[in-house]
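Enquirer: Provided herewith is a single structure, encoded as structure tokens, for subsequent inquiry.
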Amino acid sequence: MPANHTLWRPYTQMKTAAAPLEAVRTEGCTIELADGRQLVDGIASWWTACHGYNHPHIRAACESQLARMPHVMFGGLTHEPAERLARRLAALLPGDLDHVFFSDSGSVAVEVAMKMALQFWRNRGAGNRRGEGRTRFLAFREGYHGDTLGAMSVCDPDEGMHARFGAALPRQLFAELPRDDAAAARLEALVAENTGNLAGVIIEPLVQGAGGMRFHDAKTLATLADVARRYDLPLIADEIFTGFGRTGTMFACEQAGIVPDILCLSKALTGGTMALAATVARRHVFATFLADDSCFALMHGPTFMANPLACAAANASLDLFETEPRLAQVAAISRLLEQGLAPCRDVPGVKDVRVMGAIGTVQFEASPDLADLKRAFLERDVWVRPFGDIVYLTPAFTITETELRQLTDAVVGVVRQTRV
């Protein structure tokens with residue numbers, strides 16, 4: 001299909017980019033192109049299709065809901081798919097994360113979380129209604145939280161894709177992750193110095209995804225959570241990427257034994273079928289919004305929030321986590337990624353090879369020619385989208401061993417022929 005400049009594509013220099021490939025069908029872990037090629041998908045459509053494409057249980061749930069009620073506004077109305085999904089998420093999440101606010105994308109889920117934290121302090125009387133007082137967030141270098149303005153402000157301010165917008169964004173505080181005692185001491189000193197200005201702390205638990213698939217351990221996560229707790233700062237866990245089994249547990253926060261004050265979900269929430277996101281708050285956060293005065297209410301309401309069709313897909317996705325062995329499949333994928341990507345460790349120019357759950361990453365010492373890498377992967381009939389200095393795999397949890405070996409063999413082959 002020829003390039004279409006009427007259609008503005010994501011993360012693309014429209015003047016120089018080659019025409020995109022036309023997908024016509026998806027099934028399981030494959031993408032079929034218009035020219036008949038079938039590609040094994042190594043990234044599950046930006047990490048969303050955790051059950052593979054076109055799972056019959058999710059499809060049937062969507063078809064049934066579509067016939068009854070594809071959408072209805074959520075202002076002043078409610079419906080069973082949203083009510084049931086909220087109850088199930090509250091039961092599934094750790095601790096007292098009981099209050100679910102639906103939206104339609106991960107970036108918006110982060111925006112809502114930040115807005116909740118800001119208003120949490122206003123409702124408690126810290127600052128006034130003009131926004132004075134606690135207005136800043138503590139975020140972490142190499143992090144990424146989305147492409148909307150508030151979310152952009154808590155992405156890495158220097159190395160991230162949004163660095164050039166710095167002057168237009170709210171000014172936040174940034175720290176390095178507390179991976180050792182010295183970094184933990186620096187983090188605490190920064191928080192102590194700025195406590196009166198901070199509305200909250202935001203972190204991608206265990207994996208900083210779009211910032212480079214950078215991992216940290218559960219102890220690091222527990223350390224920063226402890227700092228937030230001791231300084232009475234709401235902790236926002238951005239589990240948009242890590243939620244629903246990707247790191248080996250249903251939620252990454254479980255591995256550190258922590259309960260964040262606010263948690264963001266999206267991507268795999270509907271099994272990669274429909275756009276849906278959720279921002280979930282603990283009871284003490286929700287309680288600050290309860291008052292006779294309407295100004296204490298959370299004044300936010302995306303038009304398609306709690307879309308019944310998306311909620312039906314999400315409920316069906318949760319059914320599959322209950323009835324099919326997804327976490328066992330993730331553990332098996334993790335072992336195969338370790339084995340399959342291990343040869344890359346001996347390739348000149350490779351800086352690191354790391355695996356966590358169903359995430360496998362090969363990091364180069366410098367950024368390679370990404371266009372060449374993408375072409376090389378297509379020649380091997382796999383869909384892999386390297387970025388920056390990494391090649392990564394985040395396959396569907398239902399991928400077969402044969403398909404996964406095709407992916408890891410392709411990565412090893414392409415890495416071996418790449419010069420940086």
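Every chain in the structure tokens has a letter given in the order shown (A, B, ...), and although residue numbers restart at 1 in each chain, ligands are simply numbered from 1 in the order shown.
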Enumerate, as a ChimeraX atom specification, the complete set of residues in range 131-369 of chain A that a backbone-based DSSP assignment places in alpha helix (DSSP H).
Expert: /A:149-153,181-194,218-230,283-287,308-323,326-341
Enquirer: Could you save those same residues with C-alpha atoms as a PDB file, in the first residue's frame?
Expert:
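Once written, out28.pdb looks like this:
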ATOM      1  CA  LEU A 149       1.252  16.794  28.838  1.00  0.00           C
ATOM      2  CA  GLY A 150       1.046  15.760  32.486  1.00  0.00           C
ATOM      3  CA  ALA A 151       2.428  12.311  31.757  1.00  0.00           C
ATOM      4  CA  MET A 152       5.206  13.837  29.646  1.00  0.00           C
ATOM      5  CA  SER A 153       6.271  15.966  32.603  1.00  0.00           C
ATOM      6  CA  ASP A 181      22.544   2.628  49.924  1.00  0.00           C
ATOM      7  CA  ALA A 182      24.180   5.757  48.510  1.00  0.00           C
ATOM      8  CA  ALA A 183      21.390   6.310  45.971  1.00  0.00           C
ATOM      9  CA  ALA A 184      18.782   5.655  48.674  1.00  0.00           C
ATOM     10  CA  ALA A 185      20.395   8.309  50.885  1.00  0.00           C
ATOM     11  CA  ARG A 186      20.362  10.811  48.007  1.00  0.00           C
ATOM     12  CA  LEU A 187      16.700  10.031  47.337  1.00  0.00           C
ATOM     13  CA  GLU A 188      15.759  10.579  50.959  1.00  0.00           C
ATOM     14  CA  ALA A 189      17.671  13.856  51.126  1.00  0.00           C
ATOM     15  CA  LEU A 190      15.896  15.101  47.984  1.00  0.00           C
ATOM     16  CA  VAL A 191      12.487  14.160  49.384  1.00  0.00           C
ATOM     17  CA  ALA A 192      13.238  15.696  52.787  1.00  0.00           C
ATOM     18  CA  GLU A 193      14.298  18.964  51.177  1.00  0.00           C
ATOM     19  CA  ASN A 194      11.177  19.197  48.990  1.00  0.00           C
ATOM     20  CA  ALA A 218      12.070  -5.704  44.368  1.00  0.00           C
ATOM     21  CA  LYS A 219      14.357  -4.319  47.075  1.00  0.00           C
ATOM     22  CA  THR A 220      14.787  -1.083  45.101  1.00  0.00           C
ATOM     23  CA  LEU A 221      11.027  -0.782  44.709  1.00  0.00           C
ATOM     24  CA  ALA A 222      10.471  -1.452  48.424  1.00  0.00           C
ATOM     25  CA  THR A 223      13.080   1.163  49.348  1.00  0.00           C
ATOM     26  CA  LEU A 224      11.430   3.969  47.399  1.00  0.00           C
ATOM     27  CA  ALA A 225       7.997   2.899  48.640  1.00  0.00           C
ATOM     28  CA  ASP A 226       9.286   3.137  52.206  1.00  0.00           C
ATOM     29  CA  VAL A 227      10.589   6.663  51.598  1.00  0.00           C
ATOM     30  CA  ALA A 228       7.208   7.705  50.178  1.00  0.00           C
ATOM     31  CA  ARG A 229       5.398   6.183  53.154  1.00  0.00           C
ATOM     32  CA  ARG A 230       7.598   7.814  55.782  1.00  0.00           C
ATOM     33  CA  ARG A 283      -9.481   3.733  50.614  1.00  0.00           C
ATOM     34  CA  HIS A 284      -7.728   6.588  52.412  1.00  0.00           C
ATOM     35  CA  VAL A 285      -7.204   8.414  49.103  1.00  0.00           C
ATOM     36  CA  PHE A 286     -10.823   7.941  48.062  1.00  0.00           C
ATOM     37  CA  ALA A 287     -12.033   9.101  51.481  1.00  0.00           C
ATOM     38  CA  PRO A 308     -19.366  -1.497  28.085  1.00  0.00           C
ATOM     39  CA  LEU A 309     -17.752  -3.238  25.121  1.00  0.00           C
ATOM     40  CA  ALA A 310     -14.264  -2.677  26.534  1.00  0.00           C
ATOM     41  CA  CYS A 311     -15.375  -3.753  30.017  1.00  0.00           C
ATOM     42  CA  ALA A 312     -16.808  -6.960  28.531  1.00  0.00           C
ATOM     43  CA  ALA A 313     -13.451  -7.659  26.889  1.00  0.00           C
ATOM     44  CA  ALA A 314     -11.622  -6.982  30.157  1.00  0.00           C
ATOM     45  CA  ASN A 315     -13.904  -9.291  32.109  1.00  0.00           C
ATOM     46  CA  ALA A 316     -13.295 -12.011  29.536  1.00  0.00           C
ATOM     47  CA  SER A 317      -9.546 -11.422  29.822  1.00  0.00           C
ATOM     48  CA  LEU A 318      -9.737 -11.861  33.598  1.00  0.00           C
ATOM     49  CA  ASP A 319     -11.683 -15.089  33.009  1.00  0.00           C
ATOM     50  CA  LEU A 320      -8.708 -16.406  31.051  1.00  0.00           C
ATOM     51  CA  PHE A 321      -6.275 -15.547  33.825  1.00  0.00           C
ATOM     52  CA  GLU A 322      -8.516 -17.567  36.145  1.00  0.00           C
ATOM     53  CA  THR A 323      -9.016 -20.573  33.855  1.00  0.00           C
ATOM     54  CA  ARG A 326      -0.981 -17.717  32.234  1.00  0.00           C
ATOM     55  CA  LEU A 327       1.614 -17.252  34.994  1.00  0.00           C
ATOM     56  CA  ALA A 328       2.991 -20.741  34.385  1.00  0.00           C
ATOM     57  CA  GLN A 329       3.248 -19.839  30.707  1.00  0.00           C
ATOM     58  CA  VAL A 330       5.128 -16.656  31.628  1.00  0.00           C
ATOM     59  CA  ALA A 331       7.590 -18.704  33.708  1.00  0.00           C
ATOM     60  CA  ALA A 332       8.175 -21.025  30.749  1.00  0.00           C
ATOM     61  CA  ILE A 333       8.642 -18.065  28.387  1.00  0.00           C
ATOM     62  CA  SER A 334      11.159 -16.580  30.815  1.00  0.00           C
ATOM     63  CA  ARG A 335      13.260 -19.755  30.761  1.00  0.00           C
ATOM     64  CA  LEU A 336      13.152 -19.938  26.964  1.00  0.00           C
ATOM     65  CA  LEU A 337      14.091 -16.260  26.621  1.00  0.00           C
ATOM     66  CA  GLU A 338      17.085 -16.837  28.915  1.00  0.00           C
ATOM     67  CA  GLN A 339      18.225 -19.773  26.815  1.00  0.00           C
ATOM     68  CA  GLY A 340      17.408 -18.298  23.440  1.00  0.00           C
ATOM     69  CA  LEU A 341      18.983 -14.857  23.957  1.00  0.00           C
TER      70      LEU A 341
END
Enquirer: Would you mind listing what lies within 9 Å of Ser45 in chain A as a PyMOL selection string, with only C-alpha atoms counted and same-chain residues fewer than 3 positions away left out?
Expert: chain A and resi 41-42+48-49+272+395
Enquirer: Please compute the CA of Thr270 in chain A-CA of Ser105 in chain A distance, one decimal, in Å.
Expert: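 Distance reported for this atom pair: 11.4 Å.
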Enquirer: Residues at most 9 Å from Thr418 in chain A, counting only C-alpha atoms, excluding those fewer than 6 positions away in the same chain, as a PyMOL selection string?
Expert: chain A and resi 349+368-369+372-373
Enquirer: Please compute the CA of Pro56 in chain A-CA of Asn307 in chain A distance, one decimal, in Å.
Expert: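 One can read the CA of Pro56 in chain A to CA of Asn307 in chain A distance as 20.4 Å.
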Enquirer: Where in range 29-140 of chain A does DSSP assign strand (DSSP E or B), given as a list in words?
Expert: Thr30, Ile31, Glu32, Leu33, Gln38, Leu39, Val40, Asp41, Tyr53, Leu97, Asp98, His99, Val100, Phe101, Phe102, Ser103, Arg136, Phe137, Leu138, Ala139 and Phe140 of chain A
Enquirer: Show me, as a tab-separated table, the residues of range 244-313 of chain A having an atom within 12 Å of range 84-101 of chain A, each with the closest atom pair and its distance in Å, using only C-alpha atoms.
Expert:
residue	atom	partner	partner_atom	distance
A:Phe244	CA	A:Leu92	CA	10.2
A:Thr249	CA	A:Leu93	CA	11.4
A:Met250	CA	A:Leu93	CA	8.6
A:Phe251	CA	A:Leu93	CA	7.7
A:Ala252	CA	A:Pro94	CA	10.6
A:Cys253	CA	A:Pro94	CA	8.3
A:Glu254	CA	A:Pro94	CA	7.2
A:Gln255	CA	A:Pro94	CA	10.9
A:Ala256	CA	A:Pro94	CA	11.3
A:Gly257	CA	A:Pro94	CA	8.7
A:Ile258	CA	A:Pro94	CA	8.0
A:Val259	CA	A:Gly95	CA	5.9
A:Pro260	CA	A:Leu97	CA	8.1
A:Asp261	CA	A:Leu97	CA	7.4
A:Ile262	CA	A:Leu97	CA	7.5
A:Leu263	CA	A:Leu97	CA	7.9
A:Cys264	CA	A:Phe101	CA	9.6
A:Leu265	CA	A:Leu89	CA	10.1
A:Ser266	CA	A:Phe101	CA	11.8
A:Leu269	CA	A:Leu89	CA	9.9
A:Thr270	CA	A:Leu85	CA	10.7
A:Leu276	CA	A:Phe101	CA	10.8
A:Ala277	CA	A:Phe101	CA	8.4
A:Ala278	CA	A:Phe101	CA	5.5
A:Thr279	CA	A:Phe101	CA	5.1
A:Val280	CA	A:Val100	CA	4.4
A:Ala281	CA	A:His99	CA	5.1
A:Arg282	CA	A:Leu97	CA	4.2
A:Arg283	CA	A:Asp96	CA	6.2
A:His284	CA	A:Asp96	CA	8.9
A:Val285	CA	A:His99	CA	9.1
A:Phe286	CA	A:His99	CA	6.9
A:Ala287	CA	A:His99	CA	10.0
A:Phe289	CA	A:His99	CA	11.5
A:Leu298	CA	A:Phe101	CA	10.0
A:Met299	CA	A:Phe101	CA	11.7
A:His300	CA	A:Phe101	CA	9.6
A:Gly301	CA	A:Phe101	CA	9.2
A:Pro302	CA	A:Phe101	CA	10.2
A:Met305	CA	A:Phe101	CA	8.4
A:Ala306	CA	A:Phe101	CA	8.3
A:Asn307	CA	A:Leu85	CA	11.4
A:Pro308	CA	A:Leu85	CA	10.1
A:Leu309	CA	A:Leu85	CA	11.8
A:Ala310	CA	A:Leu85	CA	10.2
A:Cys311	CA	A:Leu85	CA	6.5
A:Ala312	CA	A:Leu85	CA	8.2
A:Ala313	CA	A:Leu85	CA	9.8
Enquirer: Compare A:Glu401, A:Glu63, A:Asp346, A:Asp389 by their minimum atom-to-atom distance to Arg416 in chain A, counting only C-alpha atoms, and give me the closest one.
Expert: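 When distances to Arg416 in chain A are compared using only C-alpha atoms, the smallest one comes from A:Asp346.
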